[in-house]
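Undergrad: Could you have a look at this structure, given as C-alpha cells, before my questions?
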Amino acid sequence: MDLGTIRNKLSGHKYQTVDQFEQDVRQIIWNCFRFNMAGSWVEQQGRELEMIFNELFEADYARPGKLSAAEHKNARTILFKLMTHEAATIFLEPVDPNILPNYYTVIKHPMDMRTISEKLTFPKYSKLEEVAADIEQIFTNCFAYNAPGVWGHNQGKKLQKYFHSLVAKEPVSGVEGRFLVCCYDTK
C-alpha cells in the first residue's frame with residue numbers, strides 16, 4: 001500500500017467506508033515500522049505520518065474507546081525508546097518456536113514489541129494502562145521463561161528498569177502524565 005494507491009482509490013470512489021480508507025493508511029504506517037529499523041530516517045517519517053494522520057483523523061472521526069492522538073503519541077514515544085534500547089533485541093519480535101520449541105508451552109500470553117506496535121498502529125488500545133500492561137507482559141514472560149542470572153533474564157531486568165525510568169520521567173500533569181499516573185506507583 002502507498003499514498004498514490006490511496007489517492008487513486010479516493011479519486012475512483014473505491015472506498016465504501018471511512019474504515020477502509022483508515023485501514024489502508026494504517027497499512028502504509030505498519031509496513032514502514034515493520035520493514036525499517038527503529039530510529040532510521042524512514043521509520044521517523046512513518047512516525048510523523050502516523051502522528052499527523054491520528055490528529056487529523058481524530059478531529060473528524062474521533063472514536064470513543066480509543067487512545068487520543070496525544071495518548072497515542074506518548075505510547076509510541078515510549079515504545080520507540082524501548083525498541084532502540086540495547087537490551088531490547090530479544091523482545092522486538094514474537095519468539096520463533098523453531099528456535100525455542102518449548103516457549104509456547106511455558107508462556108501462555110506471549111507479547112513482544114512488534115505486537116504492541118501493531119496494536120498501536122491498528123488502534124486496539126482504549127487506555128494507556130493496556131499499553132503498559134502489554135509492555136509489562138513482555139517482562140513477566142521473560143522472567144517466567146529465563147532463570148535469574150541468565151542473559152535473557154538480565155536483558156529483561158535492564159529493559160524493565162529503563163521502562164520504569166521512562167514513565168517516571170513523564171510529567172505528572174496533562175495527558176502525557178497519565179501514562180505514569182494510571183499505571184504505576186513511582187515510589
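Chain identifiers are assigned as A, B, and so on, following the order in which chains appear in the C-alpha cells; residues are numbered from 1 within each chain, and ligands are numbered from 1 in order of appearance.
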Please produce, as a Markdown table, a per-residue contact table for stretch 68-94 of chain A versus stretch 122-137 of chain A (criterion: any atom at most 12 Å away, only C-alpha atoms considered), showing the nearest atom pair and its distance in Å to one decimal, sorted by chain then residue number.

TA:
| residue | atom | partner | partner_atom | distance |
| --- | --- | --- | --- | --- |
| A:Ser68 | CA | A:Ser126 | CA | 8.7 |
| A:Ala69 | CA | A:Pro123 | CA | 10.8 |
| A:Ala70 | CA | A:Leu128 | CA | 10.8 |
| A:Glu71 | CA | A:Leu128 | CA | 7.0 |
| A:His72 | CA | A:Leu128 | CA | 8.2 |
| A:Lys73 | CA | A:Leu128 | CA | 10.8 |
| A:Asn74 | CA | A:Leu128 | CA | 9.0 |
| A:Ala75 | CA | A:Val131 | CA | 7.1 |
| A:Arg76 | CA | A:Val131 | CA | 9.7 |
| A:Thr77 | CA | A:Val131 | CA | 11.9 |
| A:Ile78 | CA | A:Ala132 | CA | 9.8 |
| A:Leu79 | CA | A:Ile135 | CA | 8.5 |
| A:Leu82 | CA | A:Ile135 | CA | 9.5 |
| A:Met83 | CA | A:Ile135 | CA | 11.1 |
| A:Ala88 | CA | A:Ile135 | CA | 11.6 |
| A:Phe91 | CA | A:Ile135 | CA | 9.9 |
| A:Leu92 | CA | A:Ile135 | CA | 11.3 |

Undergrad: Take the residues that were just selected and, keeping C-alpha atoms, output them as a PDB file, in the first residue's frame.

TA:
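The resulting file, out.pdb, is shown below:
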ATOM      1  CA  SER A  68      -6.484  10.054  21.793  1.00  0.00           C
ATOM      2  CA  ALA A  69      -3.838  11.348  19.387  1.00  0.00           C
ATOM      3  CA  ALA A  70      -1.844  12.720  22.358  1.00  0.00           C
ATOM      4  CA  GLU A  71      -2.059   9.423  24.261  1.00  0.00           C
ATOM      5  CA  HIS A  72      -1.081   7.513  21.140  1.00  0.00           C
ATOM      6  CA  LYS A  73       1.926   9.772  20.600  1.00  0.00           C
ATOM      7  CA  ASN A  74       3.001   9.261  24.212  1.00  0.00           C
ATOM      8  CA  ALA A  75       2.683   5.472  23.947  1.00  0.00           C
ATOM      9  CA  ARG A  76       4.519   5.409  20.602  1.00  0.00           C
ATOM     10  CA  THR A  77       7.340   7.531  22.044  1.00  0.00           C
ATOM     11  CA  ILE A  78       7.790   5.187  25.000  1.00  0.00           C
ATOM     12  CA  LEU A  79       7.690   2.141  22.711  1.00  0.00           C
ATOM     13  CA  LEU A  82      12.245   0.800  24.416  1.00  0.00           C
ATOM     14  CA  MET A  83      12.761  -0.643  20.931  1.00  0.00           C
ATOM     15  CA  ALA A  88      15.554  -4.774  23.513  1.00  0.00           C
ATOM     16  CA  PHE A  91      11.857  -8.565  22.715  1.00  0.00           C
ATOM     17  CA  LEU A  92      11.358  -6.923  19.308  1.00  0.00           C
TER      18      LEU A  92
END

Undergrad: Each residue of stretch 54-111 of chain A lying at most 12 Å from stretch 17-27 of chain A should get a row with its shortest atom-to-atom pair and the distance in Å to one decimal, counting only C-alpha atoms; could you produce that, ordered by chain and increasing number, as CSV?

TA:
residue,atom,partner,partner_atom,distance
A:Asn54,CA,A:Arg26,CA,9.8
A:Leu56,CA,A:Glu22,CA,11.4
A:Phe57,CA,A:Glu22,CA,8.4
A:Glu58,CA,A:Glu22,CA,11.2
A:Asp60,CA,A:Val18,CA,10.7
A:Tyr61,CA,A:Val18,CA,8.8
A:Ala62,CA,A:Val18,CA,12.0
A:Arg63,CA,A:Asp19,CA,11.5

Undergrad: Could you pull out all residues of stretch 4-162 of chain A with a DSSP call of alpha helix (DSSP H) and give them as an NGL selection string?

TA: :A and (4-11 or 18-35 or 41-61 or 69-83 or 103-106 or 113-121 or 128-145 or 151-162)

Undergrad: Considering only C-alpha atoms, can you say which of A:Ile107, A:Ile28, A:Ala59, A:Pro94 comes closest to A:Gly46?

TA: A:Ile28

Undergrad: My list of candidates is A:Thr84, A:Asn31, A:Asn102, A:Gln44. Which is closest to A:Leu159 when distances are computed with only C-alpha atoms?

TA: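 Comparing A:Thr84, A:Asn31, A:Asn102, A:Gln44 against A:Leu159, the winner is A:Thr84.
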
Undergrad: Would you please work out which residue, of A:Asn98, A:Lys158, A:Trp151, A:Leu166, is nearest to A:Phe80 when using only C-alpha atoms?

TA: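 Going through A:Asn98, A:Lys158, A:Trp151, A:Leu166 one by one, the smallest distance to A:Phe80 is for A:Leu166.
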
Undergrad: Would you please work out which residue, of A:Thr121, A:Leu100, A:Val106, A:Lys169, is nearest to A:Phe143 when using only C-alpha atoms?

TA: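 Checking each of A:Thr121, A:Leu100, A:Val106, A:Lys169 against A:Phe143, counting only C-alpha atoms, the winner is A:Val106.
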
Undergrad: With only C-alpha atoms as the basis for distance, which of A:Ala38, A:Met51, A:Cys32, A:Ala87 is at the shortest distance from A:Met1?

TA: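 Going through A:Ala38, A:Met51, A:Cys32, A:Ala87 one by one, the smallest distance to A:Met1 is for A:Cys32.
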